[in-house]
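A.B. asks: Data: input-v9.txt, compact mmCIF, C-alpha atoms and all ligand atoms.
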# COMPACT_ATOMS: atom_id res chain seq x y z
CA MET A 1 9.42 -8.66 -18.74
CA ARG A 2 5.70 -7.97 -18.37
CA TYR A 3 4.19 -6.63 -15.16
CA ILE A 4 1.06 -5.15 -13.61
CA GLU A 5 1.23 -1.94 -11.58
CA PRO A 6 -1.61 -2.68 -9.15
CA HIS A 7 -1.51 0.61 -7.22
CA ALA A 8 -0.48 3.94 -8.75
CA HIS A 9 -1.98 7.42 -8.49
CA MET A 10 -1.46 8.38 -12.09
CA VAL A 11 -3.47 11.60 -11.86
CA SER A 12 -0.43 12.92 -9.94
CA ARG A 13 2.13 11.69 -12.47
CA THR A 14 3.42 12.97 -15.77
CA THR A 15 3.10 11.47 -19.22
CA ASP A 16 6.86 10.72 -18.98
CA ASP A 17 5.97 8.22 -16.25
CA TYR A 18 3.48 6.50 -18.55
CA VAL A 19 6.17 6.23 -21.22
CA ALA A 20 8.71 4.83 -18.74
CA MET A 21 6.25 2.29 -17.30
CA VAL A 22 5.11 1.02 -20.69
CA THR A 23 8.73 0.84 -21.86
CA ALA A 24 9.56 -1.24 -18.77
CA GLY A 25 6.81 -3.75 -19.62
CA CYS A 26 3.74 -2.49 -17.75
CA LYS A 27 0.60 -4.18 -19.12
CA ALA A 28 -2.04 -2.55 -16.88
CA VAL A 29 -2.19 0.13 -14.20
CA CYS A 30 -4.74 0.25 -11.38
CA GLU A 31 -5.52 3.52 -9.63
CA PRO A 32 -7.28 3.67 -6.25
CA ALA A 33 -9.05 6.85 -5.17
CA PHE A 34 -6.94 8.67 -2.57
CA TRP A 35 -6.24 11.90 -0.75
CA ALA A 36 -5.22 14.79 -2.99
CA GLY A 37 -2.71 16.14 -0.44
CA PHE A 38 -5.31 18.68 0.68
CA ASP A 39 -8.91 18.31 1.85
CA ARG A 40 -11.48 18.76 -0.88
CA SER A 41 -14.03 21.40 0.11
CA SER A 42 -17.19 19.55 -0.95
CA SER A 43 -18.53 16.35 -2.46
CA LYS A 44 -18.52 18.10 -5.85
CA GLY A 45 -14.73 17.86 -5.79
CA PHE A 46 -15.09 14.08 -5.45
CA TYR A 47 -17.64 13.91 -8.26
CA ASP A 48 -15.09 15.52 -10.55
CA TYR A 49 -12.34 13.24 -9.23
CA PHE A 50 -14.43 10.12 -9.91
CA ARG A 51 -15.01 11.36 -13.46
CA GLN A 52 -11.27 11.86 -13.80
CA LEU A 53 -10.60 8.29 -12.58
CA THR A 54 -13.25 6.68 -14.78
CA GLU A 55 -13.18 8.81 -17.94
CA TYR A 56 -10.20 11.10 -18.37
CA GLU A 57 -7.32 9.09 -16.89
CA PRO A 58 -8.13 5.86 -18.80
CA ALA A 59 -8.18 7.94 -22.00
CA ARG A 60 -4.81 9.50 -21.11
CA ALA A 61 -3.31 6.06 -20.39
CA ALA A 62 -4.75 4.69 -23.64
CA LYS A 63 -2.62 7.17 -25.55
CA PHE A 64 0.33 5.13 -24.26
CA HIS A 65 -1.43 1.80 -24.98
CA LEU A 66 -1.79 1.11 -21.27
CA PRO A 67 -5.08 -0.30 -19.92
CA HIS A 68 -6.13 1.79 -16.88
CA PHE A 69 -8.44 0.62 -14.08
CA SER A 70 -9.70 2.43 -11.00
CA TRP A 71 -11.09 1.93 -7.51
CA LEU A 72 -13.56 4.36 -5.91
CA CYS A 73 -14.06 5.62 -2.34
CA ILE A 74 -13.45 8.53 -0.01
CA ASN A 75 -10.06 7.90 1.56
CA PRO A 76 -9.72 7.52 5.33
CA LYS A 77 -7.79 10.80 5.64
CA GLU A 78 -11.00 12.65 4.76
CA SER A 79 -13.49 10.45 6.59
CA GLU A 80 -13.20 12.28 9.91
CA ASP A 81 -15.81 14.64 8.41
CA ILE A 82 -18.71 12.19 8.54
CA ALA A 83 -21.24 14.39 6.74
CA LEU A 84 -18.91 14.94 3.78
CA ALA A 85 -17.91 11.28 3.70
CA ASN A 86 -21.53 10.13 3.62
CA GLU A 87 -22.28 12.51 0.74
CA VAL A 88 -19.32 11.15 -1.20
CA ILE A 89 -20.27 7.50 -0.60
CA ASP A 90 -23.74 8.30 -1.94
CA LEU A 91 -22.08 9.43 -5.21
CA ILE A 92 -20.21 6.17 -5.78
CA PRO A 93 -22.93 3.76 -7.05
CA GLN A 94 -23.56 5.83 -10.19
CA PHE A 95 -19.90 5.24 -11.16
CA LEU A 96 -19.75 1.49 -10.43
CA ASP A 97 -20.87 0.46 -13.90
CA LYS A 98 -18.10 2.44 -15.61
CA PRO A 99 -16.07 -0.10 -17.61
CA ASN A 100 -12.74 0.47 -15.80
CA VAL A 101 -13.96 0.25 -12.19
CA LEU A 102 -12.58 -2.72 -10.23
CA GLY A 103 -14.14 -2.11 -6.84
CA ILE A 104 -14.13 -0.05 -3.65
CA GLY A 105 -10.77 1.34 -2.56
CA GLU A 106 -8.47 2.35 -1.15
CA ILE A 107 -10.61 2.35 1.96
CA GLY A 108 -9.37 1.72 5.48
CA LEU A 109 -8.15 3.67 8.48
CA ASN A 110 -5.58 6.43 8.92
CA LYS A 111 -5.41 7.41 12.62
CA ASN A 112 -7.71 4.59 13.80
CA SER A 113 -10.51 6.93 14.90
CA ARG A 114 -14.19 6.21 15.51
CA ASN A 115 -15.37 8.28 12.55
CA GLU A 116 -12.87 6.61 10.24
CA MET A 117 -14.27 3.24 11.35
CA THR A 118 -17.87 4.36 10.78
CA ILE A 119 -17.02 5.33 7.20
CA LEU A 120 -15.02 2.15 6.66
CA GLU A 121 -18.09 0.14 7.70
CA ARG A 122 -20.19 2.03 5.13
CA HIS A 123 -17.65 1.30 2.41
CA VAL A 124 -17.57 -2.41 3.26
CA ASP A 125 -21.37 -2.47 3.15
CA LEU A 126 -21.28 -0.72 -0.24
CA ALA A 127 -18.85 -3.33 -1.57
CA ALA A 128 -20.96 -6.19 -0.23
CA THR A 129 -24.20 -4.75 -1.60
CA HIS A 130 -22.75 -4.19 -5.06
CA LYS A 131 -20.54 -7.34 -5.05
CA GLN A 132 -17.35 -5.31 -5.54
CA LEU A 133 -13.74 -6.21 -4.83
CA ILE A 134 -12.16 -4.37 -1.89
CA LEU A 135 -8.76 -2.65 -1.78
CA VAL A 136 -7.67 -1.53 1.68
CA HIS A 137 -5.15 1.14 2.69
CA THR A 138 -3.57 0.38 6.06
CA PRO A 139 -2.34 3.22 8.29
CA HIS A 140 1.17 4.61 8.34
CA LEU A 141 4.08 3.84 10.66
CA GLU A 142 3.10 3.53 14.33
CA ASP A 143 -0.61 3.29 13.47
CA LYS A 144 -0.28 0.38 11.01
CA LEU A 145 -0.28 -2.64 13.32
CA LYS A 146 -3.33 -1.57 15.28
CA GLY A 147 -5.17 -0.35 12.17
CA THR A 148 -4.50 -3.53 10.19
CA ARG A 149 -5.98 -5.66 12.96
CA LEU A 150 -9.05 -3.44 13.27
CA ILE A 151 -9.65 -3.47 9.51
CA VAL A 152 -9.12 -7.21 9.02
CA ASP A 153 -11.36 -8.00 12.01
CA LEU A 154 -14.14 -5.77 10.67
CA ILE A 155 -14.08 -7.31 7.19
CA LYS A 156 -13.85 -10.85 8.58
CA SER A 157 -16.96 -10.18 10.65
CA ASP A 158 -19.04 -9.48 7.51
CA SER A 159 -20.14 -12.88 6.19
CA ARG A 160 -21.11 -11.36 2.84
CA ILE A 161 -17.45 -10.66 2.03
CA ASP A 162 -15.27 -13.43 0.58
CA PRO A 163 -11.78 -12.76 2.00
CA SER A 164 -10.13 -13.86 -1.25
CA ARG A 165 -11.77 -10.79 -2.87
CA VAL A 166 -10.07 -8.41 -0.41
CA LEU A 167 -6.54 -7.02 -0.75
CA ILE A 168 -4.95 -5.40 2.29
CA ASP A 169 -2.30 -3.02 1.02
CA HIS A 170 0.92 -1.64 2.52
CA VAL A 171 1.63 -4.78 4.58
CA GLU A 172 5.01 -5.07 6.28
CA GLU A 173 6.74 -7.80 8.26
CA HIS A 174 4.63 -7.19 11.39
CA THR A 175 1.24 -7.19 9.63
CA VAL A 176 1.53 -9.62 6.72
CA LYS A 177 0.83 -12.76 8.77
CA TYR A 178 -2.44 -11.37 10.14
CA VAL A 179 -3.60 -10.71 6.58
CA MET A 180 -2.46 -14.09 5.21
CA ASP A 181 -4.08 -15.96 8.12
CA ALA A 182 -7.37 -14.19 7.34
CA GLY A 183 -7.31 -15.61 3.78
CA MET A 184 -6.98 -12.16 2.22
CA TRP A 185 -4.43 -10.87 -0.27
CA GLY A 186 -1.61 -8.54 0.74
CA GLY A 187 0.07 -5.71 -1.12
CA ILE A 188 3.65 -4.67 -0.44
CA THR A 189 4.38 -1.04 -1.25
CA LEU A 190 7.88 -0.14 -2.39
CA TYR A 191 8.79 3.28 -1.03
CA PRO A 192 12.23 4.83 -0.62
CA GLU A 193 11.80 5.64 3.11
CA SER A 194 8.63 4.22 4.62
CA LYS A 195 6.71 0.99 3.94
CA ALA A 196 9.06 -1.58 2.31
CA THR A 197 12.21 -1.73 0.20
CA ALA A 198 12.61 -4.28 -2.60
CA PRO A 199 14.93 -6.56 -0.55
CA ARG A 200 12.43 -6.61 2.34
CA ALA A 201 9.54 -7.25 -0.03
CA ILE A 202 11.35 -10.25 -1.49
CA ASP A 203 12.12 -11.49 2.05
CA ILE A 204 8.37 -11.39 2.75
CA LEU A 205 7.64 -13.38 -0.44
CA GLU A 206 10.29 -15.92 0.54
CA THR A 207 8.59 -16.33 3.92
CA TYR A 208 4.92 -16.33 2.88
CA GLY A 209 4.98 -17.32 -0.81
CA ALA A 210 3.73 -15.32 -3.76
CA ASP A 211 0.26 -16.86 -4.08
CA ARG A 212 -1.59 -13.99 -2.38
CA LEU A 213 0.94 -11.14 -2.37
CA TRP A 214 1.73 -8.44 -4.87
CA MET A 215 4.12 -5.49 -5.04
CA ASN A 216 3.20 -1.97 -6.03
CA SER A 217 4.83 1.45 -6.29
CA ALA A 218 1.84 3.41 -4.91
CA CYS A 219 3.43 6.33 -6.75
CA ASP A 220 1.64 9.61 -6.12
CA TRP A 221 2.48 13.30 -5.57
CA GLY A 222 4.89 12.44 -2.72
CA VAL A 223 8.31 10.78 -2.57
CA SER A 224 7.72 7.61 -4.63
CA VAL A 225 9.13 5.81 -7.65
CA PRO A 226 6.83 4.89 -10.56
CA LEU A 227 9.25 2.17 -11.72
CA ALA A 228 9.63 0.63 -8.26
CA VAL A 229 7.91 -2.59 -9.40
CA PRO A 230 10.28 -3.41 -12.32
CA TYR A 231 13.20 -2.35 -10.09
CA ALA A 232 12.05 -4.99 -7.57
CA ALA A 233 12.00 -7.53 -10.41
CA MET A 234 15.61 -6.57 -11.09
CA GLU A 235 16.37 -7.18 -7.41
CA MET A 236 14.80 -10.64 -7.69
CA ARG A 237 17.07 -11.38 -10.66
CA ARG A 238 20.10 -10.34 -8.56
CA ARG A 239 18.99 -12.91 -6.00
CA GLY A 240 18.95 -15.62 -8.62
CA TYR A 241 15.25 -15.87 -9.51
CA ASP A 242 14.37 -16.99 -13.02
CA ASP A 243 11.96 -15.42 -15.50
CA ASP A 244 9.12 -17.81 -14.68
CA ILE A 245 8.93 -16.88 -10.98
CA ILE A 246 9.34 -13.20 -11.84
CA ASP A 247 6.43 -13.47 -14.29
CA GLN A 248 4.34 -15.17 -11.61
CA VAL A 249 5.07 -12.51 -8.99
CA PHE A 250 4.70 -9.43 -11.16
CA TYR A 251 2.10 -10.53 -13.70
CA ARG A 252 0.23 -13.79 -13.16
CA SER A 253 -0.36 -13.29 -9.45
CA PRO A 254 -1.82 -9.75 -9.62
CA VAL A 255 -3.88 -10.80 -12.66
CA ALA A 256 -5.32 -13.70 -10.61
CA PHE A 257 -6.66 -11.27 -8.01
CA LEU A 258 -7.76 -8.51 -10.36
CA ARG A 259 -9.63 -10.72 -12.82
CA GLN A 260 -12.10 -11.51 -10.05
CA SER A 261 -13.60 -8.24 -11.30
CA PRO A 262 -15.32 -8.80 -14.66
CA ASN A 263 -14.07 -5.36 -15.69
CA PHE A 264 -10.42 -6.40 -15.55
CA GLN A 265 -9.95 -7.25 -19.21
CA ILE A 266 -6.47 -7.23 -20.73
CA ASP A 267 -5.08 -9.22 -23.61
CA GLN A 268 -3.11 -11.88 -21.75
CA THR A 269 -1.94 -13.57 -24.94
CA LYS A 270 0.39 -10.65 -25.73
CA PRO A 271 3.95 -11.12 -24.41
CA MET B 1 9.66 -19.33 -2.67
CA LYS B 2 13.36 -19.89 -3.39
CA PRO B 3 15.60 -18.74 -6.26
CA ALA B 4 16.86 -21.19 -8.87
CA ASN B 5 20.41 -19.83 -8.44
CA PRO B 6 20.68 -18.63 -4.82
CA GLN B 7 23.22 -15.85 -4.18
CA SER B 8 24.96 -15.15 -0.89
CA PRO B 9 22.98 -12.54 1.05
CA VAL B 10 26.24 -11.28 2.50
CA ASP B 11 27.71 -10.79 -0.97
CA LEU B 12 24.56 -9.00 -2.05
CA TYR B 13 23.76 -6.86 0.98
CA PHE B 14 26.77 -6.44 3.26
CA MET B 15 27.97 -3.13 1.83
CA ASP B 16 24.44 -1.67 1.90
CA ALA B 17 23.88 -2.80 5.50
CA ARG B 18 27.33 -1.57 6.53
CA SER B 19 26.51 1.86 5.10
CA LYS B 20 23.15 1.97 6.93
CA LEU B 21 24.78 0.85 10.18
CA ILE B 22 27.28 3.72 9.99
CA ASP B 23 24.39 6.12 9.22
CA ILE B 24 22.65 4.90 12.39
CA ALA B 25 25.83 5.39 14.41
CA ALA B 26 26.29 8.90 13.02
CA PHE B 27 22.62 9.71 13.67
CA MET B 28 23.00 8.69 17.33
CA ASP B 29 26.19 10.75 17.68
CA ARG B 30 24.41 13.74 16.14
CA VAL B 31 21.39 13.48 18.44
CA GLU B 32 23.69 13.22 21.49
CA ARG B 33 25.81 16.12 20.31
CA ASP B 34 22.72 18.27 19.92
CA GLN B 35 21.33 17.05 23.26
CA ALA B 36 18.08 15.85 21.71
CA THR B 37 18.08 12.43 23.37
CA ASP B 38 14.91 13.18 25.39
CA ASP B 39 12.75 13.23 22.27
CA PHE B 40 10.20 10.39 22.55
CA ARG B 41 11.03 9.29 19.02
CA TYR B 42 14.69 8.88 19.90
CA GLN B 43 13.80 6.99 23.06
CA ALA B 44 11.59 4.69 20.96
CA PHE B 45 14.51 4.27 18.56
CA LEU B 46 16.85 3.19 21.40
CA LYS B 47 14.23 0.71 22.64
CA ALA B 48 13.78 -0.71 19.13
CA LEU B 49 17.55 -1.15 18.74
CA LYS B 50 17.45 -3.73 21.53
CA GLU B 51 15.29 -5.92 19.28
CA LEU B 52 18.35 -6.51 17.08
CA GLU B 53 19.69 -8.88 19.71
CA ASN B 54 17.01 -11.52 18.99
CA SER B 55 15.69 -13.28 15.88
CA ASP B 56 12.83 -12.10 13.66
CA ARG B 57 14.27 -8.61 13.99
CA ALA B 58 12.35 -6.72 11.32
CA THR B 59 9.02 -7.78 12.82
CA ALA B 60 10.22 -7.04 16.34
CA VAL B 61 11.55 -3.58 15.45
CA LEU B 62 8.30 -2.69 13.67
CA ARG B 63 6.24 -3.91 16.62
CA SER B 64 8.40 -1.95 19.01
CA LEU B 65 7.69 1.23 17.03
CA SER B 66 3.91 0.54 16.91
CA ASP B 67 1.02 1.92 18.93
CA PRO B 68 0.41 -0.88 21.47
CA THR B 69 -3.25 0.03 22.12
CA SER B 70 -6.22 -1.64 20.44
CA GLU B 71 -9.11 0.81 20.99
CA LEU B 72 -10.32 3.33 18.41
CA ILE B 73 -9.34 6.90 19.33
CA PRO B 74 -12.22 9.40 19.86
CA ALA B 75 -11.20 11.61 16.92
CA ALA B 76 -8.32 12.12 14.50
CA THR B 77 -6.72 15.48 15.31
CA THR B 78 -3.96 15.12 12.74
CA LYS B 79 -3.51 13.16 9.51
CA ALA B 80 0.18 12.46 9.99
CA ALA B 81 2.09 9.66 11.72
CA CYS B 82 5.49 10.32 13.27
CA GLY B 83 7.07 6.86 13.34
CA ALA B 84 6.78 6.10 17.06
CA PRO B 85 3.78 6.11 19.39
CA PRO B 86 3.54 9.57 21.00
CA PRO B 87 3.53 9.73 24.83
CA ALA B 88 0.06 9.18 26.31
CA ASP B 89 -0.28 12.80 27.50
CA SER B 90 0.45 14.42 24.12
ZN ZN C 1 -2.42 4.79 -2.56
Turn the structure described in the file into structure tokens.
C.D. replies:
Amino acid sequence: MRYIEPHAHMVSRTTDDYVAMVTAGCKAVCEPAFWAGFDRSSSKGFYDYFRQLTEYEPARAAKFHLPHFSWLCINPKESEDIALANEVIDLIPQFLDKPNVLGIGEIGLNKNSRNEMTILERHVDLAATHKQLILVHTPHLEDKLKGTRLIVDLIKSDSRIDPSRVLIDHVEEHTVKYVMDAGMWGGITLYPESKATAPRAIDILETYGADRLWMNSACDWGVSVPLAVPYAAMEMRRRGYDDDIIDQVFYRSPVAFLRQSPNFQIDQTKP
Amino acid sequence: MKPANPQSPVDLYFMDARSKLIDIAAFMDRVERDQATDDFRYQAFLKALKELENSDRATAVLRSLSDPTSELIPAATTKAACGAPPPADS
């Protein structure tokens, strides 16, 4: 099979993971900027991180013949510190013309606070001004439903943003309809304990269709599985799906969203 | 979206669901044995269990375990979520 990993934090993963993903059929990996697991002490830490995402990590992935793309932002977990967040957002435009940058992400909310919303608004404005795709992180667990509504409502209210150029990630059964009804794309994250399992993700596809949904592993430094996407393909096979639908879900569909960025260039003629 | 060769969901998932059901039962026994039933998360869990009696259960359980408010909070004092909305006075 061939597949796209649309959300993976490869800076936290080993080269063994690259080998395993490419062996399983991964044709491109997309890496949103995220929280390092600790708060960075200054905007200089983010400058270095953006260089890592746009220069070093694509070169590391290339050693395994895997095209690597990235999204840039300050994540909502660090946007409570408004002064720091504003400094970081000011750094982003100089990186937007790097050849592997797909857009602004993963932006969003974490605890649904006022400062988080202020910084989310700045990110959305940045994306609109620079005509960038948007990748959104929705909050965890009890905060997800409320946060998803707040985020979708904010983006919908900005007439400069085409909803089909926005992907709302980490949707679950109680949030996916709100995202689909808004005309946006949804991402289903396959985690062992939180977010969704492969059977639930396939249930969601069976309910809402695969036209505007993708699956990702969101693998990072925490409990996560870098091969979760091909494992979900295996689960679809167990349910009786054929190769054509599996190719649509795991390859053609994510490609359809991602190629809205002119920087998303992969050789689609290769099997 | 439907599979070309549909399989029985009971054939595919009964053993897995049976195992998880017994884990839930054992978890409830354990919490009772350790007298931790007052914990707001456990109370939220018991409330969410009632959603299994109706249809559209996954959505209903997730909603039941969600913050029901719609206003932004003044400030984030933690980064973590705990899986059930904390009591208003915490
Ligand atoms: Zn992520």
A.B. asks: Please write out the residues within 8 Å of ligand ZN 1 (chain C) as a compact mmCIF listing (two decimals) with C-alpha atoms, in the coordinates of the input, counting all atoms listed in the file.
C.D. replies:
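Result written to part_32.txt:
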# COMPACT_ATOMS: atom_id res chain seq x y z
CA HIS A 7 -1.51 0.61 -7.22
CA ALA A 8 -0.48 3.94 -8.75
CA HIS A 9 -1.98 7.42 -8.49
CA GLU A 31 -5.52 3.52 -9.63
CA PRO A 32 -7.28 3.67 -6.25
CA ALA A 33 -9.05 6.85 -5.17
CA PHE A 34 -6.94 8.67 -2.57
CA GLU A 106 -8.47 2.35 -1.15
CA HIS A 137 -5.15 1.14 2.69
CA ALA A 218 1.84 3.41 -4.91
CA CYS A 219 3.43 6.33 -6.75
CA ASP A 220 1.64 9.61 -6.12
A.B. asks: Pick from B:Ile22, B:Ala58, B:Met15, B:Ala84: nearest to Gln43 in chain B, with all atoms listed in the file counted?
C.D. replies: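 Residue with the minimum atom-to-atom distance to Gln43 in chain B: B:Ala84.
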A.B. asks: Residues of chain A within 10 Å of chain B, counting only C-alpha atoms, what are they? List them as a VMD selection string.
C.D. replies: chain A and resid 76 to 81 110 to 117 139 to 147 149 to 150 172 to 176 194 199 to 200 202 to 211 235 to 242 245
A.B. asks: Residues within 8 Å of Asn263 in chain A, please, as a list in words. Count all atoms listed in the file; anything in the same chain fewer than 3 positions from it doesn't count.
C.D. replies: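 Residues near the query, excluding close chain neighbours: Pro99, Asn100, Val101, Leu102 and Arg259 of chain A.
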A.B. asks: In terms of the shortest atom-to-atom distance over all atoms listed in the file, which of A:Ile161, A:Val223, A:Ile168, A:Val22 is closest to Tyr191 in chain A?
C.D. replies: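 Going through A:Ile161, A:Val223, A:Ile168, A:Val22 one by one, the smallest distance to Tyr191 in chain A is for A:Val223.
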A.B. asks: In Å, with one decimal, what is the gap from CA of Ser19 in chain B to CA of Glu193 in chain A?
C.D. replies: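 These two atoms are separated by 15.3 Å.
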A.B. asks: I'd like the interatomic distance between CA of Gly37 in chain A and CA of Leu154 in chain A, to a tenth of an Å.
C.D. replies: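 Between CA of Gly37 in chain A and CA of Leu154 in chain A the gap works out to 27.1 Å.
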A.B. asks: Using only C-alpha atoms, find the one residue out of B:Val10, B:Leu46, B:Asp39, B:Asn54 that sits nearest to Ala25 in chain B.
C.D. replies: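 Closest residue, counting only C-alpha atoms: B:Leu46.
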A.B. asks: Report the distance between CA of Ala28 in chain A and CA of Ser261 in chain A in Å, rounded to one decimal place.
C.D. replies: 14.0 Å
A.B. asks: Would you kindly identify which residues have an atom no farther than 12 Å from (-13.8, 8.6, -18.4), using all atoms listed in the file and the file's own coordinates, and write them out as a ChimeraX atom specification?
C.D. replies: /A:48-62,68-70,95,97-101
